[in-house]
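Enquirer: Sending over entry.cif (mmCIF, C-alpha atoms and all ligand atoms).
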```cif
data_entry
#
loop_
_atom_site.label_atom_id
_atom_site.label_comp_id
_atom_site.auth_asym_id
_atom_site.auth_seq_id
_atom_site.Cartn_x
_atom_site.Cartn_y
_atom_site.Cartn_z
CA MET A 1 -58.47 -34.24 -38.45
CA THR A 2 -59.32 -37.24 -36.29
CA VAL A 3 -61.49 -36.58 -33.27
CA ARG A 4 -60.74 -39.87 -31.64
CA ILE A 5 -57.71 -42.08 -31.22
CA SER A 6 -58.19 -45.42 -32.89
CA LEU A 7 -56.04 -48.40 -33.82
CA PRO A 8 -56.65 -51.24 -36.27
CA ASN A 9 -59.01 -53.84 -34.78
CA ASN A 10 -56.34 -56.54 -34.74
CA SER A 11 -53.72 -54.31 -33.07
CA THR A 12 -51.84 -55.89 -30.16
CA MET A 13 -51.96 -52.41 -28.64
CA LEU A 14 -55.65 -53.07 -27.98
CA SER A 15 -54.78 -55.97 -25.70
CA LYS A 16 -55.19 -55.44 -21.96
CA ASP A 17 -51.55 -56.45 -21.53
CA PHE A 18 -50.30 -53.43 -23.41
CA ILE A 19 -49.53 -50.80 -20.79
CA TYR A 20 -50.88 -47.27 -21.23
CA GLY A 21 -49.65 -44.54 -18.96
CA VAL A 22 -49.01 -40.87 -18.44
CA ALA A 23 -45.66 -39.33 -17.53
CA THR A 24 -44.30 -36.40 -15.54
CA ALA A 25 -41.00 -35.36 -13.95
CA SER A 26 -40.26 -34.05 -10.48
CA PHE A 27 -38.87 -30.59 -11.24
CA GLN A 28 -41.52 -29.93 -13.86
CA ILE A 29 -44.53 -30.46 -11.58
CA GLU A 30 -43.65 -30.63 -7.89
CA GLY A 31 -42.73 -27.23 -6.55
CA GLY A 32 -42.21 -27.77 -2.81
CA ALA A 33 -38.75 -26.33 -3.29
CA GLU A 34 -38.26 -25.40 0.36
CA GLN A 35 -38.47 -29.04 1.38
CA ARG A 36 -35.51 -30.06 -0.76
CA LEU A 37 -31.96 -29.03 -1.55
CA PRO A 38 -31.40 -26.69 -4.50
CA CYS A 39 -30.75 -28.31 -7.86
CA ILE A 40 -29.09 -27.15 -11.06
CA TRP A 41 -32.44 -26.10 -12.54
CA ASP A 42 -33.06 -23.71 -9.63
CA THR A 43 -29.75 -22.04 -10.36
CA PHE A 44 -30.38 -22.00 -14.09
CA CYS A 45 -33.81 -20.41 -13.59
CA ASP A 46 -32.22 -17.74 -11.39
CA THR A 47 -29.74 -16.86 -14.13
CA PRO A 48 -31.11 -14.08 -16.35
CA ASN A 49 -32.13 -14.95 -19.94
CA LYS A 50 -31.93 -18.71 -19.59
CA VAL A 51 -35.63 -19.54 -19.26
CA ILE A 52 -37.77 -17.69 -21.81
CA ASP A 53 -40.50 -16.44 -19.47
CA GLY A 54 -38.14 -15.92 -16.53
CA SER A 55 -40.04 -18.55 -14.55
CA ASN A 56 -38.83 -21.24 -12.15
CA GLY A 57 -39.83 -24.48 -10.49
CA LEU A 58 -40.52 -23.15 -7.00
CA ILE A 59 -44.24 -23.87 -7.26
CA ALA A 60 -44.75 -25.40 -10.72
CA CYS A 61 -48.00 -27.42 -10.61
CA ASP A 62 -47.79 -27.56 -6.81
CA HIS A 63 -47.92 -31.34 -7.08
CA PHE A 64 -46.00 -31.36 -3.80
CA ASN A 65 -49.26 -30.36 -2.10
CA LEU A 66 -51.78 -31.58 -4.65
CA TRP A 67 -50.43 -35.09 -5.24
CA GLN A 68 -53.52 -36.83 -3.86
CA GLU A 69 -55.84 -34.92 -6.15
CA ASP A 70 -53.44 -35.57 -9.02
CA ILE A 71 -53.42 -39.31 -8.40
CA GLU A 72 -57.22 -39.24 -8.49
CA LEU A 73 -56.93 -37.46 -11.81
CA ILE A 74 -54.56 -40.15 -13.09
CA GLU A 75 -56.97 -42.82 -11.90
CA SER A 76 -59.87 -41.06 -13.64
CA LEU A 77 -58.01 -41.37 -16.94
CA GLY A 78 -58.12 -45.13 -16.60
CA VAL A 79 -54.41 -45.61 -17.25
CA ASP A 80 -52.49 -48.74 -16.28
CA ALA A 81 -49.34 -46.93 -15.21
CA TYR A 82 -47.82 -43.65 -14.11
CA ARG A 83 -44.23 -42.64 -14.89
CA LEU A 84 -42.83 -40.20 -12.34
CA SER A 85 -39.34 -39.12 -11.39
CA VAL A 86 -37.75 -38.84 -7.98
CA SER A 87 -36.08 -35.59 -7.04
CA TRP A 88 -32.58 -36.58 -5.93
CA PRO A 89 -32.18 -33.35 -3.90
CA ARG A 90 -35.42 -34.13 -2.06
CA VAL A 91 -34.47 -37.60 -0.87
CA ILE A 92 -30.71 -37.38 -0.23
CA THR A 93 -29.05 -34.93 2.16
CA GLN A 94 -25.88 -33.05 1.34
CA SER A 95 -23.89 -35.58 3.36
CA GLY A 96 -25.39 -38.46 1.37
CA GLU A 97 -27.97 -39.88 3.77
CA LEU A 98 -31.64 -40.46 3.15
CA ASN A 99 -33.81 -37.46 3.95
CA GLN A 100 -36.71 -39.30 5.56
CA ALA A 101 -39.28 -36.55 4.99
CA GLY A 102 -38.53 -36.57 1.28
CA VAL A 103 -38.61 -40.35 1.14
CA ASP A 104 -41.97 -40.38 2.97
CA TYR A 105 -43.40 -38.00 0.39
CA TYR A 106 -42.69 -40.57 -2.35
CA LEU A 107 -43.69 -43.56 -0.22
CA ASN A 108 -47.14 -42.02 0.16
CA ILE A 109 -47.37 -41.52 -3.58
CA LEU A 110 -46.18 -45.06 -4.35
CA ASP A 111 -48.53 -46.61 -1.79
CA THR A 112 -51.50 -44.64 -3.08
CA LEU A 113 -50.76 -45.63 -6.68
CA ASN A 114 -50.32 -49.26 -5.69
CA SER A 115 -53.59 -49.24 -3.76
CA LYS A 116 -55.29 -48.18 -7.00
CA ASN A 117 -53.48 -50.83 -9.06
CA ILE A 118 -51.62 -48.22 -11.05
CA LYS A 119 -48.16 -49.52 -11.93
CA VAL A 120 -45.38 -47.16 -10.96
CA PHE A 121 -42.55 -46.46 -13.37
CA VAL A 122 -39.89 -44.54 -11.45
CA THR A 123 -37.16 -42.53 -13.15
CA LEU A 124 -34.27 -41.83 -10.80
CA TYR A 125 -32.78 -38.91 -12.68
CA HIS A 126 -34.83 -36.51 -14.74
CA TRP A 127 -32.24 -33.71 -14.80
CA ASP A 128 -32.52 -32.20 -11.30
CA LEU A 129 -28.93 -32.71 -10.16
CA PRO A 130 -28.29 -31.46 -6.60
CA GLN A 131 -26.51 -28.12 -6.93
CA HIS A 132 -23.80 -29.08 -4.42
CA LEU A 133 -22.74 -31.87 -6.79
CA GLU A 134 -22.61 -29.42 -9.68
CA ASP A 135 -20.41 -27.22 -7.52
CA ASN A 136 -17.94 -30.11 -7.58
CA GLY A 137 -18.06 -30.41 -11.36
CA GLY A 138 -21.44 -32.11 -11.87
CA TRP A 139 -21.46 -34.64 -14.67
CA LEU A 140 -17.96 -33.58 -15.71
CA ASN A 141 -16.75 -35.14 -12.47
CA ARG A 142 -16.53 -38.93 -12.51
CA ASP A 143 -17.39 -38.96 -8.81
CA THR A 144 -20.97 -37.87 -9.63
CA ALA A 145 -21.52 -41.31 -11.19
CA TYR A 146 -20.65 -42.95 -7.85
CA LYS A 147 -22.84 -40.47 -5.99
CA PHE A 148 -25.68 -41.51 -8.29
CA ARG A 149 -25.04 -45.18 -7.57
CA ASP A 150 -25.19 -44.47 -3.82
CA TYR A 151 -28.46 -42.57 -4.24
CA ALA A 152 -29.90 -45.43 -6.34
CA ASN A 153 -28.82 -47.88 -3.67
CA LEU A 154 -30.44 -46.03 -0.77
CA ILE A 155 -33.65 -45.12 -2.53
CA SER A 156 -34.28 -48.57 -4.01
CA GLN A 157 -33.91 -50.07 -0.54
CA ALA A 158 -36.31 -47.51 0.88
CA PHE A 159 -38.90 -48.11 -1.86
CA GLY A 160 -38.79 -51.88 -1.41
CA GLU A 161 -41.32 -53.73 -3.54
CA ARG A 162 -43.42 -50.71 -4.43
CA VAL A 163 -41.95 -50.03 -7.85
CA HIS A 164 -42.93 -51.81 -11.07
CA SER A 165 -40.07 -50.38 -13.09
CA TYR A 166 -36.97 -48.27 -12.53
CA ALA A 167 -35.33 -46.16 -15.20
CA THR A 168 -31.92 -44.93 -14.16
CA LEU A 169 -31.69 -41.82 -16.35
CA ASN A 170 -34.03 -39.84 -18.51
CA GLU A 171 -32.49 -38.78 -21.83
CA PRO A 172 -28.76 -38.62 -21.07
CA PHE A 173 -28.38 -36.88 -24.45
CA CYS A 174 -30.22 -33.87 -23.06
CA SER A 175 -28.25 -33.81 -19.82
CA ALA A 176 -24.92 -34.13 -21.64
CA PHE A 177 -25.37 -32.22 -24.88
CA LEU A 178 -27.95 -29.59 -23.93
CA GLY A 179 -26.50 -29.14 -20.44
CA TYR A 180 -22.74 -29.35 -20.96
CA GLU A 181 -22.15 -28.62 -24.66
CA ALA A 182 -24.87 -26.39 -26.12
CA GLY A 183 -25.62 -24.79 -22.76
CA ILE A 184 -29.33 -24.39 -23.37
CA HIS A 185 -30.26 -26.53 -20.38
CA ALA A 186 -28.89 -26.50 -16.84
CA PRO A 187 -26.12 -26.16 -15.87
CA GLY A 188 -25.66 -24.11 -19.05
CA ILE A 189 -22.07 -25.05 -19.82
CA VAL A 190 -20.90 -24.42 -23.40
CA GLY A 191 -18.07 -26.19 -25.22
CA LYS A 192 -17.66 -29.12 -27.59
CA GLU A 193 -14.97 -30.54 -25.34
CA TYR A 194 -17.48 -31.13 -22.52
CA GLY A 195 -20.46 -32.98 -24.02
CA LYS A 196 -18.94 -36.41 -24.48
CA LYS A 197 -17.18 -36.30 -21.11
CA ALA A 198 -20.47 -35.59 -19.37
CA ALA A 199 -22.14 -38.29 -21.47
CA HIS A 200 -19.61 -40.89 -20.38
CA HIS A 201 -20.12 -40.16 -16.70
CA LEU A 202 -23.89 -40.26 -17.15
CA LEU A 203 -23.69 -43.64 -18.88
CA LEU A 204 -21.32 -44.88 -16.21
CA ALA A 205 -23.81 -43.70 -13.58
CA HIS A 206 -26.50 -45.68 -15.39
CA GLY A 207 -24.39 -48.85 -15.41
CA LEU A 208 -23.43 -48.54 -11.75
CA ALA A 209 -27.06 -47.96 -10.80
CA MET A 210 -28.12 -50.97 -12.88
CA GLN A 211 -25.78 -53.15 -10.82
CA VAL A 212 -27.36 -51.87 -7.64
CA LEU A 213 -30.95 -52.19 -8.90
CA THR A 214 -30.37 -55.74 -10.10
CA GLN A 215 -29.26 -56.54 -6.57
CA ASN A 216 -31.79 -54.50 -4.56
CA SER A 217 -34.83 -54.73 -6.77
CA PRO A 218 -34.69 -57.95 -8.78
CA ASN A 219 -38.46 -58.07 -9.24
CA SER A 220 -38.82 -54.71 -10.97
CA LYS A 221 -38.09 -54.05 -14.64
CA ASN A 222 -34.90 -52.02 -14.61
CA GLY A 223 -33.60 -50.01 -17.55
CA ILE A 224 -33.05 -46.56 -18.98
CA VAL A 225 -34.92 -43.96 -21.01
CA LEU A 226 -33.29 -42.58 -24.17
CA ASN A 227 -34.61 -39.95 -26.53
CA PHE A 228 -34.17 -40.15 -30.28
CA THR A 229 -34.53 -37.50 -32.93
CA PRO A 230 -34.02 -39.51 -36.11
CA CYS A 231 -31.77 -37.83 -38.66
CA TYR A 232 -32.76 -37.42 -42.30
CA ALA A 233 -30.60 -36.08 -45.13
CA GLU A 234 -31.91 -33.06 -47.00
CA THR A 235 -30.88 -34.54 -50.35
CA ASP A 236 -29.57 -37.84 -51.64
CA SER A 237 -26.10 -36.41 -52.19
CA ASP A 238 -23.26 -38.39 -50.65
CA ALA A 239 -22.14 -35.34 -48.70
CA ASP A 240 -25.56 -34.82 -47.11
CA LYS A 241 -25.94 -38.51 -46.34
CA LYS A 242 -22.52 -38.65 -44.72
CA ALA A 243 -23.20 -35.52 -42.66
CA THR A 244 -26.53 -36.96 -41.54
CA SER A 245 -25.03 -40.25 -40.50
CA PHE A 246 -22.43 -38.35 -38.46
CA ALA A 247 -25.18 -36.35 -36.74
CA ASP A 248 -27.08 -39.55 -36.01
CA ASP A 249 -24.01 -41.11 -34.39
CA TYR A 250 -23.27 -37.94 -32.46
CA PHE A 251 -26.79 -37.35 -31.09
CA ASN A 252 -28.57 -40.70 -31.11
CA GLN A 253 -26.36 -43.78 -31.45
CA TRP A 254 -23.89 -42.30 -28.97
CA TYR A 255 -26.24 -43.15 -26.13
CA ILE A 256 -27.54 -46.55 -27.21
CA LYS A 257 -24.52 -48.24 -28.79
CA PRO A 258 -22.48 -48.31 -25.56
CA LEU A 259 -25.46 -49.89 -23.76
CA TYR A 260 -26.04 -52.75 -26.17
CA ASP A 261 -22.74 -53.09 -28.07
CA GLY A 262 -20.38 -52.00 -25.29
CA GLU A 263 -18.67 -49.37 -27.43
CA TYR A 264 -19.09 -45.84 -28.72
CA PRO A 265 -19.81 -45.19 -32.41
CA ALA A 266 -16.73 -45.27 -34.65
CA ILE A 267 -16.88 -41.48 -35.14
CA LEU A 268 -15.17 -41.26 -31.75
CA ALA A 269 -11.91 -41.60 -33.68
CA GLU A 270 -12.84 -38.55 -35.78
CA LEU A 271 -13.45 -36.31 -32.77
CA PRO A 272 -10.55 -34.15 -31.58
CA GLN A 273 -8.67 -35.83 -28.74
CA ALA A 274 -9.62 -32.99 -26.40
CA HIS A 275 -13.30 -33.87 -26.85
CA HIS A 276 -12.84 -37.52 -25.91
CA PRO A 277 -14.21 -38.87 -22.65
CA GLU A 278 -11.79 -40.53 -20.27
CA ILE A 279 -12.71 -44.21 -20.51
CA LEU A 280 -11.20 -46.32 -17.76
CA GLU A 281 -10.66 -50.05 -17.92
CA GLY A 282 -13.94 -51.83 -17.24
CA ASP A 283 -16.18 -48.82 -17.89
CA MET A 284 -17.77 -50.22 -21.03
CA GLU A 285 -18.64 -53.48 -19.25
CA ILE A 286 -20.36 -51.52 -16.50
CA ILE A 287 -22.19 -49.36 -19.02
CA SER A 288 -23.41 -52.36 -21.00
CA HIS A 289 -24.95 -54.10 -17.97
CA PRO A 290 -28.08 -55.89 -19.32
CA THR A 291 -31.31 -53.94 -19.05
CA ASP A 292 -34.79 -55.43 -18.63
CA PHE A 293 -36.28 -52.85 -20.94
CA LEU A 294 -35.40 -49.84 -23.05
CA GLY A 295 -37.51 -46.69 -22.71
CA ILE A 296 -37.76 -44.63 -25.88
CA ASN A 297 -38.90 -41.01 -26.05
CA PHE A 298 -39.87 -39.68 -29.45
CA TYR A 299 -41.22 -36.29 -30.52
CA THR A 300 -39.86 -35.34 -33.94
CA ARG A 301 -37.13 -35.83 -36.56
CA ALA A 302 -34.34 -33.53 -37.77
CA ILE A 303 -33.10 -32.84 -41.31
CA TYR A 304 -29.42 -32.23 -42.01
CA ARG A 305 -27.17 -30.99 -44.79
CA ALA A 306 -23.42 -31.13 -45.18
CA ASP A 307 -21.41 -28.07 -44.26
CA GLU A 308 -17.83 -27.02 -44.98
CA GLN A 309 -17.10 -25.65 -41.51
CA GLU A 310 -19.22 -27.79 -39.26
CA GLN A 311 -19.62 -31.52 -39.73
CA PHE A 312 -23.34 -30.99 -40.36
CA VAL A 313 -26.05 -28.35 -40.04
CA GLN A 314 -29.67 -28.87 -39.19
CA ILE A 315 -32.12 -27.13 -41.52
CA ASP A 316 -35.29 -25.45 -40.25
CA PRO A 317 -38.00 -28.01 -39.67
CA PRO A 318 -40.69 -27.99 -42.37
CA ALA A 319 -44.43 -27.78 -41.57
CA PRO A 320 -46.55 -29.15 -40.04
CA ARG A 321 -45.07 -28.20 -36.69
CA THR A 322 -46.28 -28.22 -33.09
CA ASP A 323 -46.39 -25.09 -30.94
CA ILE A 324 -42.77 -25.65 -29.88
CA GLY A 325 -41.66 -25.68 -33.52
CA TRP A 326 -41.04 -29.40 -33.85
CA GLU A 327 -42.02 -31.01 -37.13
CA ILE A 328 -44.89 -33.52 -36.95
CA TYR A 329 -43.58 -36.55 -38.80
CA PRO A 330 -44.92 -39.82 -37.37
CA ALA A 331 -43.34 -42.01 -40.07
CA ALA A 332 -39.97 -41.30 -38.43
CA PHE A 333 -41.27 -42.99 -35.28
CA THR A 334 -41.92 -46.28 -37.10
CA GLU A 335 -38.64 -46.06 -38.99
CA LEU A 336 -36.74 -45.37 -35.78
CA LEU A 337 -38.17 -48.34 -33.93
CA VAL A 338 -37.66 -50.69 -36.87
CA SER A 339 -34.10 -49.56 -37.41
CA LEU A 340 -33.09 -49.77 -33.72
CA ASN A 341 -34.58 -53.24 -33.61
CA LYS A 342 -32.47 -54.25 -36.61
CA THR A 343 -29.28 -52.65 -35.39
CA TYR A 344 -29.22 -53.81 -31.78
CA SER A 345 -30.20 -56.80 -29.75
CA LEU A 346 -32.77 -55.04 -27.60
CA PRO A 347 -34.87 -55.93 -24.58
CA PRO A 348 -38.63 -55.13 -24.67
CA ILE A 349 -39.34 -51.49 -25.45
CA TYR A 350 -41.62 -49.03 -23.69
CA ILE A 351 -42.46 -45.73 -25.31
CA THR A 352 -41.80 -43.68 -22.20
CA GLU A 353 -42.67 -40.29 -23.74
CA ASN A 354 -44.50 -39.06 -26.80
CA GLY A 355 -46.74 -36.03 -27.17
CA ALA A 356 -47.10 -32.52 -28.48
CA ALA A 357 -47.11 -28.90 -27.35
CA MET A 358 -50.14 -27.15 -28.78
CA ASP A 359 -51.50 -23.64 -28.48
CA ASP A 360 -54.29 -24.65 -26.13
CA LYS A 361 -57.16 -22.37 -25.20
CA LEU A 362 -59.39 -22.95 -22.21
CA VAL A 363 -62.82 -21.82 -23.39
CA GLY A 364 -65.94 -22.28 -21.29
CA GLY A 365 -64.17 -24.83 -19.12
CA GLU A 366 -62.98 -26.94 -22.08
CA VAL A 367 -59.86 -27.36 -24.16
CA ASN A 368 -60.72 -28.68 -27.58
CA ASP A 369 -57.24 -29.76 -28.65
CA LEU A 370 -58.12 -31.69 -31.79
CA ASP A 371 -54.58 -31.08 -33.09
CA ARG A 372 -53.14 -33.03 -30.15
CA ILE A 373 -55.66 -35.85 -30.63
CA ASP A 374 -54.49 -36.02 -34.23
CA TYR A 375 -50.86 -36.19 -33.09
CA TYR A 376 -51.59 -39.03 -30.65
CA HIS A 377 -53.67 -40.92 -33.19
CA ASN A 378 -50.94 -40.79 -35.81
CA HIS A 379 -48.09 -41.57 -33.43
CA LEU A 380 -49.85 -44.48 -31.73
CA ASN A 381 -50.52 -45.89 -35.19
CA ALA A 382 -46.86 -45.36 -36.05
CA VAL A 383 -45.97 -47.50 -33.02
CA ASN A 384 -48.48 -50.10 -34.16
CA ASP A 385 -46.82 -50.17 -37.60
CA ALA A 386 -43.47 -50.86 -35.91
CA ILE A 387 -44.99 -53.68 -33.87
CA GLU A 388 -46.34 -55.17 -37.08
CA GLN A 389 -42.79 -55.09 -38.40
CA GLY A 390 -41.57 -57.14 -35.47
CA VAL A 391 -40.64 -54.59 -32.81
CA ASP A 392 -41.45 -55.70 -29.25
CA VAL A 393 -43.20 -52.64 -27.77
CA ARG A 394 -44.95 -53.33 -24.47
CA GLY A 395 -46.33 -49.95 -23.47
CA TYR A 396 -46.85 -46.28 -24.22
CA PHE A 397 -46.78 -43.19 -22.00
CA ALA A 398 -48.27 -39.87 -23.03
CA TRP A 399 -46.14 -36.84 -22.28
CA SER A 400 -47.55 -35.37 -20.27
CA LEU A 401 -50.21 -35.98 -17.66
CA MET A 402 -50.55 -32.22 -17.31
CA ASP A 403 -49.09 -28.94 -18.51
CA ASN A 404 -45.92 -28.17 -16.62
CA PHE A 405 -42.56 -26.36 -16.50
CA GLU A 406 -41.15 -27.02 -19.96
CA TRP A 407 -37.48 -26.36 -19.11
CA ALA A 408 -35.96 -23.47 -21.07
CA GLU A 409 -39.44 -22.71 -22.47
CA GLY A 410 -40.84 -22.11 -18.99
CA TYR A 411 -44.63 -22.38 -18.72
CA LEU A 412 -45.27 -21.12 -22.24
CA LYS A 413 -45.45 -24.52 -23.91
CA ARG A 414 -48.26 -26.86 -22.92
CA PHE A 415 -47.72 -30.61 -23.37
CA GLY A 416 -50.45 -31.90 -21.04
CA ILE A 417 -53.51 -33.95 -21.79
CA VAL A 418 -54.75 -32.06 -18.74
CA TYR A 419 -54.77 -28.25 -18.74
CA VAL A 420 -53.28 -26.44 -15.73
CA ASP A 421 -54.35 -22.94 -14.75
CA TYR A 422 -51.19 -21.86 -12.93
CA ASP A 423 -52.94 -19.12 -10.93
CA SER A 424 -55.65 -21.29 -9.44
CA GLN A 425 -53.91 -24.68 -9.92
CA VAL A 426 -57.19 -25.97 -11.32
CA ARG A 427 -56.76 -28.95 -13.65
CA THR A 428 -59.08 -29.51 -16.63
CA ILE A 429 -58.95 -32.68 -18.72
CA LYS A 430 -58.48 -31.65 -22.35
CA ALA A 431 -60.30 -33.30 -25.26
CA SER A 432 -57.08 -35.28 -25.86
CA GLY A 433 -57.25 -36.60 -22.30
CA HIS A 434 -60.81 -37.77 -22.89
CA ALA A 435 -59.75 -39.35 -26.20
CA TYR A 436 -56.82 -41.13 -24.55
CA LYS A 437 -59.12 -42.41 -21.82
CA ALA A 438 -61.61 -43.66 -24.41
CA LEU A 439 -58.88 -45.55 -26.29
CA ILE A 440 -57.67 -47.20 -23.10
CA SER A 441 -61.06 -48.10 -21.70
CA ASN A 442 -62.40 -49.47 -24.98
CA ARG A 443 -59.82 -52.26 -25.06
C1 LIG B 1 -38.37 -34.43 -23.10
C2 LIG B 1 -38.25 -34.40 -21.60
C3 LIG B 1 -39.54 -34.04 -20.89
C4 LIG B 1 -40.32 -32.99 -21.62
C5 LIG B 1 -40.46 -33.33 -23.09
C6 LIG B 1 -41.26 -32.32 -23.88
O1 LIG B 1 -37.13 -34.17 -23.66
O2 LIG B 1 -37.83 -35.65 -21.13
O3 LIG B 1 -39.20 -33.67 -19.59
O4 LIG B 1 -39.79 -31.76 -21.39
O5 LIG B 1 -39.20 -33.46 -23.67
#
```
Will you turn the file into structure tokens for me?
Expert:
Amino acid sequence: MTVRISLPNNSTMLSKDFIYGVATASFQIEGGAEQRLPCIWDTFCDTPNKVIDGSNGLIACDHFNLWQEDIELIESLGVDAYRLSVSWPRVITQSGELNQAGVDYYLNILDTLNSKNIKVFVTLYHWDLPQHLEDNGGWLNRDTAYKFRDYANLISQAFGERVHSYATLNEPFCSAFLGYEAGIHAPGIVGKEYGKKAAHHLLLAHGLAMQVLTQNSPNSKNGIVLNFTPCYAETDSDADKKATSFADDYFNQWYIKPLYDGEYPAILAELPQAHHPEILEGDMEIISHPTDFLGINFYTRAIYRADEQEQFVQIDPPAPRTDIGWEIYPAAFTELLVSLNKTYSLPPIYITENGAAMDDKLVGGEVNDLDRIDYYHNHLNAVNDAIEQGVDVRGYFAWSLMDNFEWAEGYLKRFGIVYVDYDSQVRTIKASGHAYKALISNR
């Protein structure tokens, strides 16, 4: 096991221009729920048996109150950038106007980060859809895409020049598939006929917001964040390979191909008509609006085999695995980046999330998470390997700054490089946080 994070001496990731950051998301850390409208995750948390530990986001890491201390923590890590998300239900009222108190909350954060020369990467939608929009159909309703555009318009005007980079959406796959097809994320809707409809409206929302951002914020880098779980066939059989390629199109390519090729994968024709999204004239042009960057989130891979009934089945991930059960397989990270770079004509890439849940123990005021250091070491080197093979990666964000509300897993899974004691709200930098800091400051 490595006790430090290191890169080859000649790595371009050791240049000062390569951006290192930490990432969080509004619902996962903020709390401050009384100062915003309810969102779909509040409702989901209130529904029995949805979140494993029965927890919610009402307080979370209390970042709503502790943001100043948290920015000092970010600064102490020596990072170049901080990726945060804006809570839509905090900044927009039910009638669609700016909620000035909510906007001021973020303006203070942005100004403080800017005063410390920490670049701000803002994500406009990290899954906390206002509940009143869900009551009108949420992402199954095309109108939500226009509501998102209006929100993007108002908030980008309010933020002015304070933002280094805007991402429209975080991981539309998760919103669409986990939220509206598998039902394991909010709003918990189940049905194969819903996933691709929700996905289309999310991608449309992205394209509409890109138009607005290009207009309102021409000096920031504007793009989107996609997650990828590369698909591997269990065997070399034709059946397994075909099933795996279908899964890859269904889960991964579905969200990137429309952005850069202006069309959905060809498997659309194989899906039952009732599962098809309604694509109106001009939609694909809007969706494929040029982006200044592509954000990529990577955690693990998935292995598939062919199946008579279903198109494909995923087999249980082999060891080694993290505490959330995800296989640790850094080679897939390199292969993913190289293959996306070959397949599409891409803008510069930022790794907007990468990290691991580990079974951390706070002992004597320290968390000695050597397993997480190992994960970061191997995955940063996997990124470096991709760069050596010609991929234009400009930055890397650790997920996450601190332990937080891990969606359907509640507070049981810890992804932070900073440990959070949820009773006292005391933060403790883990060994991985110190290792990350050392990597960054030794450039
Ligand atoms: C990603 C999410 C992020 C976090 C990590 C572990 O899918 O974007 O909020 O939960 O997984």
Enquirer: I need the residue nearest ligand LIG 1 (chain B) from this list: A:Glu134, A:Glu353, A:Glu263, A:Asp369. Use all atoms listed in the file for the distance.
Expert: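 When distances to ligand LIG 1 (chain B) are compared using all atoms listed in the file, the smallest one comes from A:Glu353.
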Enquirer: Quick one: everything within 7 Å of A:Asp128, counting all atoms listed in the file, minus sequence neighbours fewer than 5 positions away in the same chain. Send it as a ChimeraX atom specification.
Expert: /A:27,39-41,87-88
Enquirer: Please, which residues in chain A fall within 9 Å of ligand LIG 1 (chain B) when counting all atoms listed in the file, and what is the closest atom pair and distance in Å to one decimal for each, ordered by chain then residue number, as CSV?
Expert:
```
residue,atom,partner,partner_atom,distance
A:Ala23,CA,B:LIG1,C3,8.8
A:Thr24,CA,B:LIG1,O3,7.1
A:Ala25,CA,B:LIG1,O3,6.2
A:Phe27,CA,B:LIG1,O3,8.9
A:Gln28,CA,B:LIG1,O3,7.2
A:His126,CA,B:LIG1,O2,7.1
A:Trp127,CA,B:LIG1,O3,8.4
A:Asn170,CA,B:LIG1,O2,6.2
A:Glu171,CA,B:LIG1,O2,6.2
A:Cys174,CA,B:LIG1,O1,6.9
A:Val225,CA,B:LIG1,O2,8.8
A:Leu226,CA,B:LIG1,O2,8.8
A:Asn227,CA,B:LIG1,O1,6.9
A:Asn297,CA,B:LIG1,C1,7.2
A:Phe298,CA,B:LIG1,C1,8.4
A:Tyr299,CA,B:LIG1,O5,7.7
A:Glu353,CA,B:LIG1,O2,7.2
A:Asn354,CA,B:LIG1,C5,7.9
A:Gly355,CA,B:LIG1,C6,7.4
A:Ala356,CA,B:LIG1,C6,7.4
A:Ala357,CA,B:LIG1,C6,7.6
A:Trp399,CA,B:LIG1,C5,6.7
A:Ser400,CA,B:LIG1,C4,7.7
A:Asn404,CA,B:LIG1,O4,8.6
A:Phe405,CA,B:LIG1,O4,7.8
A:Glu406,CA,B:LIG1,O4,5.1
A:Trp407,CA,B:LIG1,O4,6.3
A:Lys413,CA,B:LIG1,C6,8.9
A:Arg414,CA,B:LIG1,C6,8.9
A:Phe415,CA,B:LIG1,C6,6.7
```
Enquirer: Under the rule that all atoms listed in the file are counted, which of A:Lys197, A:Arg36, A:Lys361, A:Lys221 is the nearest residue to A:Leu58?
Expert: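 Using all atoms listed in the file, the shortest distance to A:Leu58 belongs to A:Arg36.
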Enquirer: Residues near stretch 307-316 of chain A, anyone? I mean within 9 Å using all atoms listed in the file, not counting same-chain ones fewer than 4 positions away, as number ranges by chain.
Expert: A: 234, 239-240, 242-244, 246-247, 302-303
Enquirer: Could you list, as a list in words, every residue within 9 Å of A:Ile109, counting only C-alpha atoms and ignoring same-chain residues fewer than 6 positions away?
Expert: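 Contacts, with the query itself left out: Trp67, Gln68 and Ile71 of chain A.
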Enquirer: When distances are computed from all atoms listed in the file, which of A:Val22, A:Ile296, A:Leu380, A:Cys231 shows the smallest separation from A:Phe251?
Expert: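 Smallest separation from A:Phe251 among the options: A:Cys231.
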Enquirer: Figure out the distance between atom CA of A:Ser237 and atom CA of A:Asn252, please, to one decimal in Å.
Expert: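 These atoms are spaced 21.7 Å apart.
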Enquirer: In Å to one decimal, how far is atom CA of A:Thr123 from atom CA of A:His201?
Expert: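 Here the two named atoms are 17.6 Å from each other.
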Enquirer: What is the atom CA of A:Leu169 to atom CA of A:Val338 distance in Å?
Expert: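 Separation between atom CA of A:Leu169 and atom CA of A:Val338: 23.1 Å.
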Enquirer: Given the choices A:Gln425, A:Asp236, A:Asn114, A:Pro230, which gets closest to A:Glu327 if the distance is worked out from only C-alpha atoms?
Expert: A:Pro230
